[in-house]
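Novice: One structure follows; several queries about it will come next.
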There are 2 protein chains.
Amino acid sequence: VAVSEFELIRRIAGIVGTARQGVTVGIGDDAAVLPPDLVWTCDLLVEDVHFRRRTTSYADLGWKALAVNVSDVAAMGADPLGALVGLVVGDGVTAEDVEELYRGLDACATAYGCPVVGGDVSRGPELSLAVTALGRTASPVLRSGARPGDVLAVTGPLGGSGAGWHHLDGRIALPEELAAHVDRRHRRPQPRLAEARVLAGRVHAMLDVSDGIASDALRLAEASRVTTVVDLDALPLDRGVAEAAAGLGVAPGVLAATGGEDYELLVALDPADVADAGVPLHVVGRVEEGPVAVRFTGAGSADALGGWDHLGA
Amino acid sequence: VAVSEFELIRRIAGIVGTARQGVTVGIGDDAAVLPPDLVWTCDLLVEDVHFRRRTTSYADLGWKALAVNVSDVAAMGADPLGALVGLVVGDGVTAEDVEELYRGLDACATAYGCPVVGGDVSRGPELSLAVTALGRTASPVLRSGARPGDVLAVTGPLGGSGAGWHHLDGRIALPEELAAHVDRRHRRPQPRLAEARVLAGRVHAMLDVSDGIASDALRLAEASRVTTVVDLDALPLDRGVAEAAAGLGVAPGVLAATGGEDYELLVALDPADVADAGVPLHVVGRVEEGPVAVRFTGAGSADALGGWDHLGA
């Protein structure tokens with residue numbers, strides 16, 4: 001298609017509506033919310049868009065397909081109930097490959113208490129996974145609650161997964177130990193479910209950093225009708241990110257802001273609540289009155305920063 | 001893959017389990033069941049496996065993608081709550097095509113009270129849809145409740161969608177009015193949600209006829225550990241099926257049993273309850289003690305009858 005992912009979703013929301021009878025939150029947050037207390041999300045992983053078979057084992061792919069959905073459930077402040085898996089078995093994939101993929105899914109399911117309860121399989125030209133996860137919470141934490149005066153904070157270091165992606169794709173060389181670390185961050189994301197449970201009652205807005213904080217801070221701004229300010233120099237850097245950024249010739253904060261797939265939580269909260277939020281938080285910016293936009297400060301902030309567009313070539 | 005759809009699902013169930021803590025019904029029924037009263041299903045529609053762009057409009061594809069999920073929710077005796085749509089936008093699909101697809105989805109959503117509440121989009125090589133629907137019922141009707149002595153019955157005529165598929169693919173010619181009827185049966189399936197609500201408290205087992213009753217009666221036998229007997233001469237034939245079967249050189253009952261995608265309901269119930277089941281039922285067979293199998297009687301029953309295997313080439 002010739003339009004961006006955001007634009008296509010905007011048009012889709014115009015057709016199916018965003019607030020139908022019986023729906024608490026429709027299109028536009030980490031997950032939908034249905035009464036009385038359900039949150040529900042779906043993520044696609046498509047070969048050569050989200051992953052390459054050459055650099056991704058089937059077990060890692062299974063883990064990641066579920067983990068990204070658990071992360072969305074967590075980002076709503078919810079507890080996972082279970083998942084369904086729609087699997088398109090691409091050409092050349094064997095039954096043993098599929099079993100390996102489900103072992104990865106099941107490892108993640110066990111780790112996060114989100115059992116695979118059903119799904120569908122079909123053949124198709126390329127390998128793809130459509131995983132959907134259901135969760136429950138009495139008080140979902142939306143993207144729309146950020147207020148001017150809030151600070152922005154994240155639960156952990158950024159850029160590791162992006163560094164891993166560049167490394168696995170052969171664009172940069174890294175010392176062995178750092179390479180192993182960032183590769184693992186890319187292949188086995190760890191949703192911040194426990195942290196989300198603690199933060200749920202203490203923050204005004206929460207989402208997971210999936211496309212890069214540059215993009216996700218914009219989403220927060222859009223949902224809350226505010227300006228978000230992100231200080232690239234304040235982003236906590238994962239191990240290996242400085243080295244990877246040097247190899248790529250960009251500022252470390254730029255890689256950390258745009259690499260994507262960190263699956264840390266981005267929250268907006270009262271500055272007075274940071275110290276006793278219950279989990280360690282890294283303040284990376286603030287929320288201001290102003291036009292719906294994200295503004296960057298720090299090294300690299302003059303660059304045009306964007307996140308992932310999964311419709312782009 | 002080199003194994004059948006059934007075999008692959010059996011292996012998958014062996015890995016992720018079928019009855020985890022907190023899960024009432026896992027892999028193996030029309031939908032999963034989660035406490036307290038949720039049913040949850042997922043169906044894939046993949047280009048050149050489930051449909052061809054040449055013979056399917058985008059609006060019809062959208063309708064069908066949601067309808068088949070509503071049908072699974074109905075077959076559990078549940079009321080739909082909503083749906084998520086994972087859309088892989090294949091090469092050559094325009095934003096306007098996607099909007100047309102969502103208009104079809106939304107028409108079905110409105111008709112059956114199952115709003116689209118979210119989803120995901122990605123590019124990819126071929127068009128595919130992973131739709132998942134959620135429903136609610138306090139007493140799900142499973143496939144496992146059929147008892148020896150029950151009769152098998154369906155809610156409406158069979159074979160129309162299969163006839164439409166053969167016609168749309170150019171394998172048979174039909175008079176114009178019959179062609180229009182079977183094409184519509186194939187393109188715009190009508191889930192039997194109202195009928196399912198009435199039947200839910202009165203039948204022992206229920207599923208939707210999605211792959212053809214030859215296949216679905218076997219699934220019923222497997223889940224209930226019984227023999228199911230289907231009389232091909234007793235199958236109610238949709239208009240155009242006799243003509244289509246003649247064109248294909250098969251017995252009408254064979255086309256009706258194997259054509260698939262009728263989305264009528266198949267139920268097992270006490271013979272004494274057929275007359276006052278609340279909706280018109282067509283008795284098509286019976287349930288017997290015996291090995292897990294489906295047995296056919298009537299014209300064409302000597303043929304090897306199977307349903308759809310979505311992993312087959």
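In the structure tokens, each chain is lettered A, B, ... as it comes, each chain's residues begin at 1, and ligands are numbered from 1 in order of appearance.
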Using only C-alpha atoms, what does the table of chain A residues within 7 Å of chain B look like, with each row giving the shortest atom pair and its distance in Å to one decimal, sorted by chain and ascending number, as JSON lines?
Specialist:
{"residue": "A:Val1", "atom": "CA", "partner": "B:Thr94", "partner_atom": "CA", "distance": 4.7}
{"residue": "A:Ala2", "atom": "CA", "partner": "B:Thr94", "partner_atom": "CA", "distance": 6.9}
{"residue": "A:Val3", "atom": "CA", "partner": "B:Ala95", "partner_atom": "CA", "distance": 6.8}
{"residue": "A:Leu8", "atom": "CA", "partner": "B:Ala95", "partner_atom": "CA", "distance": 6.8}
{"residue": "A:Ile12", "atom": "CA", "partner": "B:Glu99", "partner_atom": "CA", "distance": 6.4}
{"residue": "A:Ile15", "atom": "CA", "partner": "B:Arg103", "partner_atom": "CA", "distance": 6.5}
{"residue": "A:Val16", "atom": "CA", "partner": "B:Asp106", "partner_atom": "CA", "distance": 5.6}
{"residue": "A:Thr18", "atom": "CA", "partner": "B:Val117", "partner_atom": "CA", "distance": 7.0}
{"residue": "A:Arg20", "atom": "CA", "partner": "B:Pro115", "partner_atom": "CA", "distance": 6.9}
{"residue": "A:Gly26", "atom": "CA", "partner": "B:Val117", "partner_atom": "CA", "distance": 4.5}
{"residue": "A:Ile27", "atom": "CA", "partner": "B:Gly118", "partner_atom": "CA", "distance": 4.6}
{"residue": "A:Ala32", "atom": "CA", "partner": "B:Val117", "partner_atom": "CA", "distance": 6.0}
{"residue": "A:Thr41", "atom": "CA", "partner": "B:Gly119", "partner_atom": "CA", "distance": 6.7}
{"residue": "A:Cys42", "atom": "CA", "partner": "B:Gly119", "partner_atom": "CA", "distance": 5.3}
{"residue": "A:Asp43", "atom": "CA", "partner": "B:Asp120", "partner_atom": "CA", "distance": 5.7}
{"residue": "A:Leu44", "atom": "CA", "partner": "B:Asp120", "partner_atom": "CA", "distance": 6.4}
{"residue": "A:Val46", "atom": "CA", "partner": "B:Gly124", "partner_atom": "CA", "distance": 6.7}
{"residue": "A:Leu84", "atom": "CA", "partner": "B:Cys42", "partner_atom": "CA", "distance": 6.8}
{"residue": "A:Gly86", "atom": "CA", "partner": "B:Leu44", "partner_atom": "CA", "distance": 6.5}
{"residue": "A:Val93", "atom": "CA", "partner": "B:Val1", "partner_atom": "CA", "distance": 5.9}
{"residue": "A:Thr94", "atom": "CA", "partner": "B:Val1", "partner_atom": "CA", "distance": 4.7}
{"residue": "A:Ala95", "atom": "CA", "partner": "B:Val1", "partner_atom": "CA", "distance": 5.5}
{"residue": "A:Glu99", "atom": "CA", "partner": "B:Ile12", "partner_atom": "CA", "distance": 6.4}
{"residue": "A:Tyr102", "atom": "CA", "partner": "B:Ile12", "partner_atom": "CA", "distance": 6.7}
{"residue": "A:Arg103", "atom": "CA", "partner": "B:Ile15", "partner_atom": "CA", "distance": 6.5}
{"residue": "A:Asp106", "atom": "CA", "partner": "B:Val16", "partner_atom": "CA", "distance": 5.6}
{"residue": "A:Pro115", "atom": "CA", "partner": "B:Arg20", "partner_atom": "CA", "distance": 6.9}
{"residue": "A:Val116", "atom": "CA", "partner": "B:Val16", "partner_atom": "CA", "distance": 6.2}
{"residue": "A:Val117", "atom": "CA", "partner": "B:Gly26", "partner_atom": "CA", "distance": 4.5}
{"residue": "A:Gly118", "atom": "CA", "partner": "B:Ile27", "partner_atom": "CA", "distance": 4.6}
{"residue": "A:Gly119", "atom": "CA", "partner": "B:Cys42", "partner_atom": "CA", "distance": 5.3}
{"residue": "A:Asp120", "atom": "CA", "partner": "B:Asp43", "partner_atom": "CA", "distance": 5.7}
{"residue": "A:Ser122", "atom": "CA", "partner": "B:His310", "partner_atom": "CA", "distance": 5.1}
{"residue": "A:Arg123", "atom": "CA", "partner": "B:Leu311", "partner_atom": "CA", "distance": 4.8}
{"residue": "A:Gly124", "atom": "CA", "partner": "B:Val46", "partner_atom": "CA", "distance": 6.7}
{"residue": "A:Ala130", "atom": "CA", "partner": "B:Ala130", "partner_atom": "CA", "distance": 6.3}
{"residue": "A:His310", "atom": "CA", "partner": "B:Ser122", "partner_atom": "CA", "distance": 5.1}
{"residue": "A:Leu311", "atom": "CA", "partner": "B:Arg123", "partner_atom": "CA", "distance": 4.9}
Novice: Quick one: everything within 8 Å of B:Arg295, counting only C-alpha atoms, minus sequence neighbours fewer than 2 positions away in the same chain. Send it as a list in words.
Specialist: Thr227, Thr228, Val229, Val230, Ala293 and Thr297 of chain B
Novice: Could you write those residues out with C-alpha atoms, as a PDB file, in the first residue's frame?
Specialist:
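Result saved to result_35.pdb:
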ATOM      1  CA  THR B 227     -18.973 -43.763  15.871  1.00  0.00           C
ATOM      2  CA  THR B 228     -20.964 -41.247  13.837  1.00  0.00           C
ATOM      3  CA  VAL B 229     -23.065 -42.444  10.915  1.00  0.00           C
ATOM      4  CA  VAL B 230     -23.962 -40.003   8.132  1.00  0.00           C
ATOM      5  CA  ALA B 293     -14.874 -43.124  13.105  1.00  0.00           C
ATOM      6  CA  THR B 297     -24.482 -44.732   4.009  1.00  0.00           C
TER       7      THR B 297
END
Novice: Enumerate as number ranges by chain all residues of stretch 197-266 of chain B assigned to strand (DSSP E) by DSSP on the backbone, naming them with the chain letters and numbers the document uses.
Specialist: B: 205-208, 227-231, 265-266
Novice: Mind dumping the selected residues with N, CA and C atoms as a PDB file, in the first residue's frame?
Specialist:
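out.pdb was written with the following content:
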ATOM      1  N   ALA B 205     -24.191 -31.989  21.769  1.00  0.00           N
ATOM      2  CA  ALA B 205     -22.928 -31.557  21.144  1.00  0.00           C
ATOM      3  C   ALA B 205     -23.270 -30.690  19.952  1.00  0.00           C
ATOM      4  N   MET B 206     -22.374 -29.753  19.633  1.00  0.00           N
ATOM      5  CA  MET B 206     -22.625 -28.850  18.506  1.00  0.00           C
ATOM      6  C   MET B 206     -21.291 -28.396  17.922  1.00  0.00           C
ATOM      7  N   LEU B 207     -21.232 -28.323  16.602  1.00  0.00           N
ATOM      8  CA  LEU B 207     -20.095 -27.689  15.931  1.00  0.00           C
ATOM      9  C   LEU B 207     -20.594 -27.129  14.614  1.00  0.00           C
ATOM     10  N   ASP B 208     -19.781 -26.271  14.011  1.00  0.00           N
ATOM     11  CA  ASP B 208     -20.215 -25.726  12.719  1.00  0.00           C
ATOM     12  C   ASP B 208     -19.602 -26.551  11.589  1.00  0.00           C
ATOM     13  N   THR B 227     -18.858 -43.680  17.322  1.00  0.00           N
ATOM     14  CA  THR B 227     -18.973 -43.763  15.871  1.00  0.00           C
ATOM     15  C   THR B 227     -20.113 -42.849  15.433  1.00  0.00           C
ATOM     16  N   THR B 228     -19.875 -42.035  14.416  1.00  0.00           N
ATOM     17  CA  THR B 228     -20.964 -41.247  13.837  1.00  0.00           C
ATOM     18  C   THR B 228     -21.296 -41.842  12.475  1.00  0.00           C
ATOM     19  N   VAL B 229     -22.586 -41.889  12.179  1.00  0.00           N
ATOM     20  CA  VAL B 229     -23.065 -42.444  10.915  1.00  0.00           C
ATOM     21  C   VAL B 229     -23.789 -41.337  10.168  1.00  0.00           C
ATOM     22  N   VAL B 230     -23.352 -41.063   8.941  1.00  0.00           N
ATOM     23  CA  VAL B 230     -23.962 -40.003   8.132  1.00  0.00           C
ATOM     24  C   VAL B 230     -24.576 -40.632   6.886  1.00  0.00           C
ATOM     25  N   ASP B 231     -25.874 -40.379   6.694  1.00  0.00           N
ATOM     26  CA  ASP B 231     -26.579 -40.893   5.514  1.00  0.00           C
ATOM     27  C   ASP B 231     -26.521 -39.834   4.414  1.00  0.00           C
ATOM     28  N   LEU B 265     -25.009 -25.557  11.399  1.00  0.00           N
ATOM     29  CA  LEU B 265     -24.623 -26.224  12.635  1.00  0.00           C
ATOM     30  C   LEU B 265     -24.893 -27.719  12.523  1.00  0.00           C
ATOM     31  N   LEU B 266     -23.973 -28.512  13.043  1.00  0.00           N
ATOM     32  CA  LEU B 266     -24.156 -29.960  13.176  1.00  0.00           C
ATOM     33  C   LEU B 266     -24.338 -30.246  14.659  1.00  0.00           C
TER      34      LEU B 266
END
Novice: Just the number, please: distance in Å from atom CA of B:Ala245 to atom CA of B:Arg54, one decimal.
Specialist: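 Interatomic distance, atom CA of B:Ala245 to atom CA of B:Arg54: 23.4 Å.
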Novice: Looking only at the backbone, which of the residues in stretch 63-219 of chain B does DSSP tag as alpha helix (DSSP H), as a PyMOL selection string?
Specialist: chain B and resi 63-75+95-112+160-168+176-187+193-199+213-219
Novice: Write out as a PyMOL selection string each polymer residue whose atoms come within 8 Å of B:Arg219, counting only C-alpha atoms; drop sequence neighbours fewer than 4 positions from it.
Specialist: chain B and resi 143+215+223
Novice: Restricting it to N, CA, C and O atoms, dump the selection as a short mmCIF file (atom, residue, chain, number, x, y, z; two decimals), in the first residue's frame.
Specialist:
data_model
loop_
_atom_site.label_atom_id
_atom_site.label_comp_id
_atom_site.auth_asym_id
_atom_site.auth_seq_id
_atom_site.Cartn_x
_atom_site.Cartn_y
_atom_site.Cartn_z
N ARG B 143 -17.95 -30.34 21.58
CA ARG B 143 -18.06 -31.43 20.61
C ARG B 143 -18.08 -32.79 21.30
O ARG B 143 -18.36 -33.80 20.66
N SER B 215 -15.91 -34.47 7.20
CA SER B 215 -14.80 -34.20 8.11
C SER B 215 -15.30 -33.81 9.50
O SER B 215 -14.76 -34.26 10.51
N ALA B 223 -14.03 -36.37 19.32
CA ALA B 223 -14.19 -35.66 20.59
C ALA B 223 -15.09 -36.44 21.55
O ALA B 223 -14.88 -36.41 22.77
#
Novice: What gap, in Å, lies between atom CA of B:Cys108 and atom CA of B:Ala59?
Specialist: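 Taking atom CA of B:Cys108 and atom CA of B:Ala59, their separation equals 10.0 Å.
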Novice: Separation of atom CA of B:Gly170 and atom CA of B:Arg187, in Å?
Specialist: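 Interatomic distance, atom CA of B:Gly170 to atom CA of B:Arg187: 15.2 Å.
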Novice: Show which residues sit within 12 Å of A:Glu264, as a ChimeraX atom specification. Count only C-alpha atoms, and ignore same-chain residues fewer than 6 positions away.
Specialist: /A:67-68,70-72,74-75,153-161,185,189-196,206-213,216,235-236,238,256,280-282
Novice: Keeping only N, CA and C atoms, write the selected residues to a file as a short mmCIF file (atom, residue, chain, number, x, y, z; two decimals), in the first residue's frame.
Specialist:
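Written output follows (again_12.cif):
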data_model
loop_
_atom_site.label_atom_id
_atom_site.label_comp_id
_atom_site.auth_asym_id
_atom_site.auth_seq_id
_atom_site.Cartn_x
_atom_site.Cartn_y
_atom_site.Cartn_z
N ALA A 67 5.81 -13.29 23.44
CA ALA A 67 6.33 -12.26 24.35
C ALA A 67 5.82 -10.86 23.98
N VAL A 68 5.75 -10.56 22.69
CA VAL A 68 5.33 -9.21 22.29
C VAL A 68 3.85 -8.99 22.64
N VAL A 70 2.32 -10.61 25.29
CA VAL A 70 2.32 -10.49 26.75
C VAL A 70 2.72 -9.08 27.16
N SER A 71 3.66 -8.51 26.40
CA SER A 71 4.11 -7.15 26.69
C SER A 71 2.97 -6.15 26.54
N ASP A 72 2.13 -6.32 25.52
CA ASP A 72 0.98 -5.43 25.34
C ASP A 72 -0.03 -5.60 26.48
N ALA A 74 0.70 -6.61 29.49
CA ALA A 74 1.35 -6.00 30.66
C ALA A 74 1.22 -4.49 30.63
N ALA A 75 1.40 -3.91 29.43
CA ALA A 75 1.37 -2.45 29.30
C ALA A 75 -0.01 -1.86 29.58
N ALA A 153 9.29 8.08 32.02
CA ALA A 153 10.32 7.20 32.54
C ALA A 153 10.19 5.83 31.89
N VAL A 154 11.31 5.11 31.87
CA VAL A 154 11.32 3.75 31.35
C VAL A 154 11.85 2.79 32.42
N THR A 155 11.49 1.51 32.25
CA THR A 155 11.82 0.51 33.27
C THR A 155 13.20 -0.10 33.10
N GLY A 156 13.85 0.15 31.97
CA GLY A 156 15.15 -0.48 31.79
C GLY A 156 15.88 0.05 30.57
N PRO A 157 17.06 -0.48 30.30
CA PRO A 157 17.92 0.04 29.24
C PRO A 157 17.33 -0.19 27.86
N LEU A 158 17.62 0.74 26.98
CA LEU A 158 17.08 0.71 25.61
C LEU A 158 18.20 0.48 24.60
N GLY A 159 17.81 0.07 23.42
CA GLY A 159 18.75 -0.02 22.30
C GLY A 159 19.40 -1.37 22.13
N GLY A 160 19.30 -2.24 23.13
CA GLY A 160 19.96 -3.54 23.04
C GLY A 160 19.40 -4.38 21.90
N SER A 161 18.08 -4.41 21.79
CA SER A 161 17.48 -5.21 20.73
C SER A 161 17.83 -4.66 19.36
N ARG A 185 18.95 -10.06 23.58
CA ARG A 185 17.92 -9.03 23.80
C ARG A 185 16.98 -8.97 22.59
N PRO A 189 12.95 -11.27 23.92
CA PRO A 189 12.50 -10.12 24.72
C PRO A 189 11.79 -10.58 25.99
N GLN A 190 11.99 -9.80 27.05
CA GLN A 190 11.44 -10.13 28.37
C GLN A 190 10.39 -9.10 28.74
N PRO A 191 9.12 -9.40 28.51
CA PRO A 191 8.07 -8.43 28.86
C PRO A 191 8.13 -8.08 30.33
N ARG A 192 7.85 -6.83 30.65
CA ARG A 192 7.98 -6.36 32.03
C ARG A 192 6.66 -6.52 32.77
N LEU A 193 6.20 -7.77 32.87
CA LEU A 193 4.90 -8.05 33.47
C LEU A 193 4.89 -7.75 34.96
N ALA A 194 5.91 -8.19 35.66
CA ALA A 194 5.96 -7.95 37.11
C ALA A 194 6.04 -6.45 37.39
N GLU A 195 6.86 -5.74 36.62
CA GLU A 195 6.99 -4.31 36.81
C GLU A 195 5.67 -3.59 36.51
N ALA A 196 4.99 -4.06 35.47
CA ALA A 196 3.72 -3.43 35.09
C ALA A 196 2.68 -3.57 36.19
N MET A 206 0.75 4.35 30.41
CA MET A 206 1.78 3.32 30.26
C MET A 206 1.64 2.69 28.88
N LEU A 207 2.76 2.41 28.24
CA LEU A 207 2.77 1.60 27.02
C LEU A 207 4.12 0.90 26.93
N ASP A 208 4.19 -0.09 26.05
CA ASP A 208 5.48 -0.77 25.93
C ASP A 208 6.26 -0.17 24.76
N VAL A 209 7.58 -0.17 24.92
CA VAL A 209 8.45 0.40 23.90
C VAL A 209 8.71 -0.69 22.86
N SER A 210 7.87 -0.71 21.83
CA SER A 210 7.98 -1.76 20.82
C SER A 210 8.59 -1.26 19.52
N ASP A 211 8.26 -0.05 19.13
CA ASP A 211 8.76 0.47 17.84
C ASP A 211 9.92 1.45 18.05
N GLY A 212 10.36 1.65 19.26
CA GLY A 212 11.37 2.65 19.59
C GLY A 212 10.72 3.81 20.30
N ILE A 213 11.38 4.34 21.33
CA ILE A 213 10.74 5.38 22.14
C ILE A 213 10.44 6.63 21.31
N ASP A 216 7.11 5.64 20.08
CA ASP A 216 6.14 5.36 21.14
C ASP A 216 5.82 6.60 21.97
N LEU A 235 18.57 8.69 27.95
CA LEU A 235 18.09 7.32 27.75
C LEU A 235 19.09 6.33 28.34
N PRO A 236 18.65 5.42 29.19
CA PRO A 236 19.57 4.41 29.73
C PRO A 236 19.97 3.46 28.60
N ASP A 238 21.55 0.17 26.93
CA ASP A 238 21.85 -1.23 27.18
C ASP A 238 23.34 -1.46 26.89
N ALA A 256 19.27 4.08 20.62
CA ALA A 256 18.39 3.68 21.73
C ALA A 256 16.95 4.13 21.50
N PRO A 280 12.57 0.27 39.93
CA PRO A 280 13.51 1.30 39.48
C PRO A 280 13.05 1.92 38.17
N LEU A 281 13.04 3.23 38.10
CA LEU A 281 12.65 3.93 36.87
C LEU A 281 13.77 4.87 36.44
N HIS A 282 13.90 5.01 35.13
CA HIS A 282 14.86 5.95 34.55
C HIS A 282 14.08 7.09 33.91
#
Novice: Find the residues near B:Asp233: any atom within 12 Å, counting only C-alpha atoms, skip ones fewer than 5 places away on the same chain, and give them as a PyMOL selection string.
Specialist: chain B and resi 158+242+251-257+282-285+296-301
Novice: Excluding B:Ala268 and its own-chain neighbours fewer than 5 positions away, which residues fall within 9 Å of it when counting only C-alpha atoms? Please give them as a PyMOL selection string.
Specialist: chain B and resi 143+145-147+150-153+203-206+220+286-287
Novice: Can those selected residues be exported to a file as a tab-separated table (two decimals), in the first residue's frame so that it contains C-alpha atoms?
Specialist:
chain	number	residue	atom	x	y	z
B	143	ARG	CA	-18.06	-31.43	20.61
B	145	GLY	CA	-21.12	-34.51	24.42
B	146	ALA	CA	-22.54	-36.80	21.69
B	147	ARG	CA	-23.97	-40.06	23.09
B	150	ASP	CA	-28.38	-39.54	19.63
B	151	VAL	CA	-29.31	-38.46	16.15
B	152	LEU	CA	-27.18	-36.11	14.08
B	153	ALA	CA	-28.94	-33.13	12.57
B	203	VAL	CA	-28.40	-30.51	22.29
B	204	HIS	CA	-25.60	-32.72	23.58
B	205	ALA	CA	-22.93	-31.56	21.14
B	206	MET	CA	-22.62	-28.85	18.51
B	220	LEU	CA	-17.44	-35.07	16.53
B	286	ARG	CA	-26.93	-41.05	14.21
B	287	VAL	CA	-24.41	-41.71	16.97
